[in-house]
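S.K.: File name work.csv; file contents CSV, C-alpha atoms; full text below.
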chain,number,residue,atom,x,y,z
A,1,MET,CA,-10.5,96.9,90.0
A,2,GLU,CA,-7.5,97.9,92.1
A,3,LYS,CA,-7.1,101.5,93.1
A,4,ASP,CA,-4.8,103.6,90.9
A,5,ALA,CA,-5.2,101.2,88.0
A,6,TYR,CA,-5.9,102.8,84.7
A,7,ALA,CA,-9.1,102.3,82.6
A,8,VAL,CA,-9.1,103.0,78.9
A,9,ILE,CA,-12.6,103.5,77.7
A,10,PHE,CA,-12.9,103.0,73.9
A,11,THR,CA,-16.4,104.0,72.7
A,12,ASN,CA,-16.9,103.5,68.9
A,13,ARG,CA,-19.2,102.8,66.0
A,14,LEU,CA,-18.3,100.3,63.3
A,15,GLY,CA,-19.0,101.4,59.7
A,16,ALA,CA,-20.3,99.4,56.8
A,17,ASP,CA,-16.9,98.0,55.8
A,18,ALA,CA,-16.2,95.5,58.7
A,19,GLU,CA,-14.5,92.8,56.6
A,20,GLY,CA,-11.5,91.6,58.5
A,21,TYR,CA,-12.5,93.5,61.7
A,22,GLY,CA,-13.1,90.4,63.8
A,23,ALA,CA,-9.8,88.9,63.0
A,24,MET,CA,-8.0,92.1,63.8
A,25,ALA,CA,-9.9,92.6,67.1
A,26,ASP,CA,-9.1,89.0,68.1
A,27,ARG,CA,-5.4,89.6,67.4
A,28,MET,CA,-5.4,92.8,69.4
A,29,GLU,CA,-7.0,91.1,72.3
A,30,GLU,CA,-4.3,88.4,72.2
A,31,LEU,CA,-1.6,91.0,72.0
A,32,ALA,CA,-3.1,93.2,74.8
A,33,ARG,CA,-3.2,90.2,77.1
A,34,ALA,CA,0.6,89.7,76.6
A,35,GLN,CA,1.5,93.3,77.5
A,36,PRO,CA,3.1,94.1,80.9
A,37,GLY,CA,0.5,95.6,83.3
A,38,TYR,CA,-2.6,94.3,81.4
A,39,LEU,CA,-5.3,93.6,84.0
A,40,GLY,CA,-8.3,92.6,81.9
A,41,HIS,CA,-11.0,94.0,79.7
A,42,ASP,CA,-14.7,94.0,79.0
A,43,SER,CA,-16.2,94.5,75.6
A,44,VAL,CA,-19.8,94.9,74.4
A,45,ARG,CA,-21.2,95.6,70.9
A,46,GLY,CA,-24.8,96.4,70.2
A,47,ALA,CA,-26.9,95.4,67.2
A,48,ASP,CA,-26.5,99.0,65.7
A,49,GLY,CA,-22.7,98.7,65.5
A,50,ALA,CA,-22.0,100.8,68.6
A,51,GLY,CA,-19.4,99.3,71.0
A,52,ILE,CA,-17.7,100.0,74.2
A,53,THR,CA,-14.4,98.3,75.3
A,54,VAL,CA,-12.8,99.0,78.6
A,55,SER,CA,-9.3,97.8,79.2
A,56,TYR,CA,-7.6,98.0,82.6
A,57,TRP,CA,-3.9,98.5,83.2
A,58,ALA,CA,-1.8,98.4,86.4
A,59,MET,CA,0.0,101.7,85.7
A,60,GLU,CA,0.0,104.6,83.2
A,61,GLU,CA,3.3,103.4,81.6
A,62,ALA,CA,1.4,100.2,80.5
A,63,VAL,CA,-1.2,102.4,78.8
A,64,LYS,CA,1.4,104.3,76.9
A,65,ALA,CA,3.4,101.2,76.0
A,66,TRP,CA,0.3,99.5,74.6
A,67,ARG,CA,-0.6,102.7,72.6
A,68,ALA,CA,2.8,102.7,71.1
A,69,ASN,CA,3.1,99.0,70.3
A,70,ALA,CA,4.0,98.6,66.6
A,71,GLU,CA,1.4,96.1,65.6
A,72,HIS,CA,-1.2,98.0,67.6
A,73,LEU,CA,-0.3,101.2,65.8
A,74,ASP,CA,-1.0,99.4,62.5
A,75,ALA,CA,-4.4,98.3,63.8
A,76,GLN,CA,-5.1,101.9,65.0
A,77,ALA,CA,-4.4,103.2,61.5
A,78,MET,CA,-6.7,100.5,60.0
A,79,GLY,CA,-9.4,101.5,62.5
A,80,ARG,CA,-9.3,105.1,61.3
A,81,GLU,CA,-8.9,104.3,57.6
A,82,ARG,CA,-11.5,101.6,57.3
A,83,PHE,CA,-13.4,100.3,60.4
A,84,TYR,CA,-14.7,103.1,62.6
A,85,ASP,CA,-17.2,105.8,61.8
A,86,TRP,CA,-16.2,107.5,65.0
A,87,PHE,CA,-14.6,106.7,68.3
A,88,ARG,CA,-13.6,108.3,71.5
A,89,LEU,CA,-10.8,107.2,73.9
A,90,ASP,CA,-10.8,108.2,77.5
A,91,VAL,CA,-7.7,107.4,79.6
A,92,CYS,CA,-8.8,107.4,83.3
A,93,ARG,CA,-7.4,106.7,86.7
A,94,VAL,CA,-9.6,104.3,88.7
A,95,GLU,CA,-10.4,105.8,92.1
A,96,ARG,CA,-12.7,103.1,93.5
A,97,SER,CA,-14.7,100.1,92.4
A,98,TYR,CA,-17.7,98.2,93.6
A,99,ASP,CA,-18.8,94.7,92.8
A,100,PHE,CA,-22.0,92.7,93.0
A,101,ASP,CA,-22.4,89.1,92.1
A,102,ARG,CA,-25.8,87.3,92.6
A,103,THR,CA,-24.1,83.9,92.8
A,104,SER,CA,-22.0,84.8,95.7
A,105,LEU,CA,-25.0,86.5,97.4
A,106,GLU,CA,-27.0,83.3,97.1
A,107,ASP,CA,-24.0,81.3,98.3
A,108,ARG,CA,-24.0,83.4,101.5
A,109,GLN,CA,-27.7,82.9,102.3
B,1,MET,CA,-14.3,114.6,77.6
B,2,GLU,CA,-12.9,117.5,79.6
B,3,LYS,CA,-9.9,116.8,81.8
B,4,ASP,CA,-10.7,116.2,85.4
B,5,ALA,CA,-14.2,115.0,84.6
B,6,TYR,CA,-15.3,111.8,86.2
B,7,ALA,CA,-16.3,108.7,84.3
B,8,VAL,CA,-18.5,106.0,86.0
B,9,ILE,CA,-18.1,102.7,84.2
B,10,PHE,CA,-21.1,100.4,84.9
B,11,THR,CA,-20.4,96.9,83.5
B,12,ASN,CA,-23.2,94.4,84.1
B,13,ARG,CA,-25.1,91.4,83.0
B,14,LEU,CA,-28.9,91.3,83.0
B,15,GLY,CA,-30.5,88.2,84.4
B,16,ALA,CA,-33.6,86.3,83.1
B,17,ASP,CA,-36.1,88.5,85.0
B,18,ALA,CA,-35.9,91.8,83.0
B,19,GLU,CA,-39.6,92.7,83.1
B,20,GLY,CA,-39.8,96.4,83.9
B,21,TYR,CA,-36.0,96.9,83.3
B,22,GLY,CA,-36.4,99.1,80.2
B,23,ALA,CA,-38.9,101.5,81.9
B,24,MET,CA,-36.6,101.8,84.9
B,25,ALA,CA,-33.5,102.4,82.7
B,26,ASP,CA,-35.4,105.1,80.8
B,27,ARG,CA,-36.4,106.8,84.0
B,28,MET,CA,-32.9,106.7,85.4
B,29,GLU,CA,-31.5,108.2,82.2
B,30,GLU,CA,-34.1,111.0,82.4
B,31,LEU,CA,-33.2,111.6,86.1
B,32,ALA,CA,-29.4,111.5,85.5
B,33,ARG,CA,-29.7,114.1,82.7
B,34,ALA,CA,-31.4,116.5,85.2
B,35,GLN,CA,-28.6,116.1,87.8
B,36,PRO,CA,-26.1,119.0,88.3
B,37,GLY,CA,-22.7,118.2,86.7
B,38,TYR,CA,-24.1,115.5,84.3
B,39,LEU,CA,-22.1,115.6,81.1
B,40,GLY,CA,-23.4,112.7,79.1
B,41,HIS,CA,-23.4,109.0,78.8
B,42,ASP,CA,-22.9,106.1,76.4
B,43,SER,CA,-24.6,102.7,76.8
B,44,VAL,CA,-24.3,99.5,74.8
B,45,ARG,CA,-25.9,96.1,75.4
B,46,GLY,CA,-25.0,92.9,73.6
B,47,ALA,CA,-27.2,90.1,72.5
B,48,ASP,CA,-26.0,88.0,75.5
B,49,GLY,CA,-27.3,90.4,78.1
B,50,ALA,CA,-23.9,92.0,78.9
B,51,GLY,CA,-23.9,95.8,79.0
B,52,ILE,CA,-21.5,98.7,79.6
B,53,THR,CA,-22.8,102.2,80.4
B,54,VAL,CA,-20.4,105.0,81.0
B,55,SER,CA,-21.7,108.2,82.5
B,56,TYR,CA,-19.6,111.4,82.6
B,57,TRP,CA,-19.7,114.0,85.4
B,58,ALA,CA,-18.1,117.4,85.8
B,59,MET,CA,-16.8,116.8,89.3
B,60,GLU,CA,-16.7,114.1,92.0
B,61,GLU,CA,-19.5,115.7,94.1
B,62,ALA,CA,-21.9,115.1,91.2
B,63,VAL,CA,-21.0,111.4,91.2
B,64,LYS,CA,-21.7,111.2,94.9
B,65,ALA,CA,-24.9,113.2,94.7
B,66,TRP,CA,-26.2,110.9,91.9
B,67,ARG,CA,-25.3,107.8,93.8
B,68,ALA,CA,-27.3,109.1,96.8
B,69,ASN,CA,-30.3,110.3,94.9
B,70,ALA,CA,-33.4,108.8,96.6
B,71,GLU,CA,-35.1,107.5,93.4
B,72,HIS,CA,-31.8,106.2,92.1
B,73,LEU,CA,-31.2,104.4,95.4
B,74,ASP,CA,-34.5,102.6,94.9
B,75,ALA,CA,-33.4,101.6,91.4
B,76,GLN,CA,-30.1,100.4,92.7
B,77,ALA,CA,-31.9,98.1,95.1
B,78,MET,CA,-34.1,96.8,92.3
B,79,GLY,CA,-31.0,96.2,90.3
B,80,ARG,CA,-29.5,94.0,93.0
B,81,GLU,CA,-32.7,92.3,93.9
B,82,ARG,CA,-34.0,91.5,90.5
B,83,PHE,CA,-32.3,92.6,87.4
B,84,TYR,CA,-28.5,92.0,87.4
B,85,ASP,CA,-26.7,88.8,87.6
B,86,TRP,CA,-23.5,90.8,88.4
B,87,PHE,CA,-22.1,94.2,87.9
B,88,ARG,CA,-19.0,96.3,88.6
B,89,LEU,CA,-18.8,100.0,89.0
B,90,ASP,CA,-15.6,101.9,88.5
B,91,VAL,CA,-15.4,105.5,89.5
B,92,CYS,CA,-12.6,107.1,87.5
B,93,ARG,CA,-11.0,110.5,86.9
B,94,VAL,CA,-10.6,111.3,83.2
B,95,GLU,CA,-7.0,112.3,82.5
B,96,ARG,CA,-7.2,112.7,78.7
B,97,SER,CA,-9.4,111.9,75.8
B,98,TYR,CA,-9.1,111.5,72.0
B,99,ASP,CA,-11.8,111.8,69.4
B,100,PHE,CA,-12.1,110.6,65.8
B,101,ASP,CA,-15.0,111.3,63.5
B,102,ARG,CA,-14.9,110.1,59.9
B,103,THR,CA,-17.5,112.7,58.8
B,104,SER,CA,-15.4,115.6,60.0
B,105,LEU,CA,-12.3,114.0,58.4
B,106,GLU,CA,-14.1,113.8,55.0
B,107,ASP,CA,-15.4,117.3,55.5
B,108,ARG,CA,-11.8,118.5,55.8
B,109,GLN,CA,-10.6,116.8,52.6
Here is the file; what I need is its structure written in the form of structure tokens.
M.R.:
Amino acid sequence: MEKDAYAVIFTNRLGADAEGYGAMADRMEELARAQPGYLGHDSVRGADGAGITVSYWAMEEAVKAWRANAEHLDAQAMGRERFYDWFRLDVCRVERSYDFDRTSLEDRQ
Amino acid sequence: MEKDAYAVIFTNRLGADAEGYGAMADRMEELARAQPGYLGHDSVRGADGAGITVSYWAMEEAVKAWRANAEHLDAQAMGRERFYDWFRLDVCRVERSYDFDRTSLEDRQ
């Protein structure tokens, strides 16, 4: 990830009432991709309902604009009212990154 | 998470040869907990082998010391040689955090 990008770490656990969650998550992904400054995201959910999604943004203003997006605000409210047992959001500045890819390693050999 | 803590985001995918991975991961967790400045971690792995682990540290020196820990260096080498198809590490400074917990919400009502 580029230096001085922002990473938003969303750590959460889904509760029992997850009807409609998948559609909402898909829509939020589509909407996030269309935001200025969106750089990408990674998302993993375990069998126990715990999940971590990290989204990356080019600058802090992009994080704030996404947080304040009207449709996203509705989704955030739904998340608190229905979907999540708990969550934590960490807004972070990326200082440095390292990559490893076995495929490119094998390509070099 | 406290302001000015560090978050290390480890995004990865396990390859086919995962024998011994669980024991190594357990040992690294035990070792990390014993490091000065360790604040906690969250880890999720999906059914497809993708995983995200976020560890939190009180200061940057703690991140560097953990990275340079001798037993951890051995594990890092094992990870590149055997376990991971790819990974990315982002070292980030936490600027702010938000929490939500349904249980405490219901307790308040």
S.K.: In file coordinates, which residues lie within 12 Å of (-18.8, 90.8, 92.5) using only C-alpha atoms, given as number ranges by chain?
M.R.: A: 1, 97-105; B: 11-13, 80, 84-89
S.K.: Would you pick out the contacts of Ala32 (chain A) at 10 Å or less, using all atoms listed in the file, so that residues sharing its chain but fewer than 5 positions from it are not included, and give the list as number ranges by chain?
M.R.: A: 26-27, 37-41, 55, 57, 66, 69, 72
S.K.: Find the distance between CA of Gly51 (chain A) and CA of Glu19 (chain B) and write it in Å to one decimal.
M.R.: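 Straight-line distance from CA of Gly51 (chain A) to CA of Glu19 (chain B) works out to 24.5 Å.
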S.K.: Could you work out how far CA of Met24 (chain B) lies from CA of Arg67 (chain B), giving the answer in Å with one decimal?
M.R.: 15.6 Å
S.K.: Compile the contact shell of Val44 (chain B) as a count of residues only: residues with an atom at most 7 Å away, counting only C-alpha atoms, same-chain residues fewer than 2 positions apart removed.
M.R.: 11
S.K.: Which polymer residues, whether protein, DNA or RNA, lie within 12 Å of the coordinate (-37.6, 100.1, 91.9) when you count all atoms listed in the file? List them as a PyMOL selection string, using the chain letters and numbers from the file.
M.R.: chain B and resi 19-25+27-28+70-83
S.K.: Which of these, B:Val63, B:Val8, B:Ala34, B:Cys92, has the shortest distance to chain A once you count only C-alpha atoms?
M.R.: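 That would be B:Cys92, the residue with the smallest distance to chain A.
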S.K.: Pick from A:Glu2, A:Glu29, A:Glu61, A:Asp17: nearest to chain B, with only C-alpha atoms counted?
M.R.: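 Between A:Glu2, A:Glu29, A:Glu61, A:Asp17, the residue approaching chain B most closely is A:Glu2.
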S.K.: With distances taken over all atoms listed in the file, which of A:Met59, A:Ala16, A:Ser43, A:Gln35 is nearest to chain B?
M.R.: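 Among A:Met59, A:Ala16, A:Ser43, A:Gln35, it is A:Ser43 that comes nearest to chain B.
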S.K.: Between A:Phe10, A:Glu95, A:Gly15, A:Asp4, which residue has the minimum interatomic distance to Gly49 (chain A), considering all atoms listed in the file?
M.R.: A:Gly15
S.K.: Under the rule that all atoms listed in the file are counted, which of B:Leu31, B:Leu14, B:Ala68, B:Ala47 is the nearest residue to chain A?
M.R.: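 The closest residue to chain A is B:Ala47.
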S.K.: Output region 43-54 of chain A as a compact mmCIF listing (two decimals), in the frame of the given file, making sure all heavy atoms are there.
M.R.:
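Okay, rebuild-v5.txt is ready:
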# COMPACT_ATOMS: atom_id res chain seq x y z
N SER A 43 -15.88 94.02 76.89
CA SER A 43 -16.20 94.50 75.60
C SER A 43 -17.65 94.14 75.24
O SER A 43 -18.04 92.99 75.40
CB SER A 43 -15.24 93.96 74.55
OG SER A 43 -15.34 94.65 73.33
N VAL A 44 -18.43 95.12 74.78
CA VAL A 44 -19.80 94.90 74.40
C VAL A 44 -20.08 95.58 73.08
O VAL A 44 -19.62 96.72 72.88
CB VAL A 44 -20.80 95.40 75.47
CG1 VAL A 44 -22.24 95.26 75.00
CG2 VAL A 44 -20.62 94.66 76.79
N ARG A 45 -20.77 94.88 72.15
CA ARG A 45 -21.20 95.60 70.90
C ARG A 45 -22.68 95.35 70.73
O ARG A 45 -23.20 94.25 70.90
CB ARG A 45 -20.42 95.03 69.69
CG ARG A 45 -20.74 95.86 68.42
CD ARG A 45 -19.73 95.68 67.30
NE ARG A 45 -18.38 95.97 67.71
CZ ARG A 45 -17.87 97.21 67.87
NH1 ARG A 45 -18.61 98.28 67.64
NH2 ARG A 45 -16.63 97.38 68.26
N GLY A 46 -23.38 96.42 70.42
CA GLY A 46 -24.80 96.40 70.20
C GLY A 46 -25.16 96.06 68.76
O GLY A 46 -24.29 96.08 67.88
N ALA A 47 -26.42 95.79 68.52
CA ALA A 47 -26.90 95.40 67.20
C ALA A 47 -26.70 96.55 66.18
O ALA A 47 -26.58 96.31 64.97
CB ALA A 47 -28.36 95.00 67.25
N ASP A 48 -26.64 97.80 66.65
CA ASP A 48 -26.50 99.00 65.70
C ASP A 48 -25.07 99.29 65.38
O ASP A 48 -24.81 100.28 64.70
CB ASP A 48 -27.18 100.19 66.38
CG ASP A 48 -26.49 100.60 67.68
OD1 ASP A 48 -25.61 99.84 68.16
OD2 ASP A 48 -26.82 101.69 68.21
N GLY A 49 -24.10 98.46 65.86
CA GLY A 49 -22.70 98.70 65.50
C GLY A 49 -21.95 99.51 66.57
O GLY A 49 -20.72 99.64 66.49
N ALA A 50 -22.65 100.07 67.57
CA ALA A 50 -22.00 100.80 68.60
C ALA A 50 -21.31 99.83 69.59
O ALA A 50 -21.86 98.75 69.87
CB ALA A 50 -22.96 101.69 69.39
N GLY A 51 -20.15 100.18 70.06
CA GLY A 51 -19.40 99.30 71.00
C GLY A 51 -18.68 100.08 72.03
O GLY A 51 -18.32 101.25 71.83
N ILE A 52 -18.52 99.45 73.19
CA ILE A 52 -17.70 100.00 74.20
C ILE A 52 -16.74 98.89 74.70
O ILE A 52 -17.20 97.79 75.03
CB ILE A 52 -18.49 100.53 75.45
CG1 ILE A 52 -19.49 101.61 75.02
CG2 ILE A 52 -17.56 101.07 76.53
CD1 ILE A 52 -20.39 102.13 76.17
N THR A 53 -15.45 99.17 74.69
CA THR A 53 -14.40 98.30 75.30
C THR A 53 -13.70 99.03 76.34
O THR A 53 -13.25 100.16 76.10
CB THR A 53 -13.46 97.79 74.18
OG1 THR A 53 -14.16 97.03 73.20
CG2 THR A 53 -12.36 96.91 74.80
N VAL A 54 -13.63 98.44 77.52
CA VAL A 54 -12.80 99.00 78.60
C VAL A 54 -11.70 98.10 78.92
O VAL A 54 -11.92 96.92 79.22
CB VAL A 54 -13.70 99.26 79.87
CG1 VAL A 54 -12.88 100.01 80.92
CG2 VAL A 54 -14.99 100.02 79.56
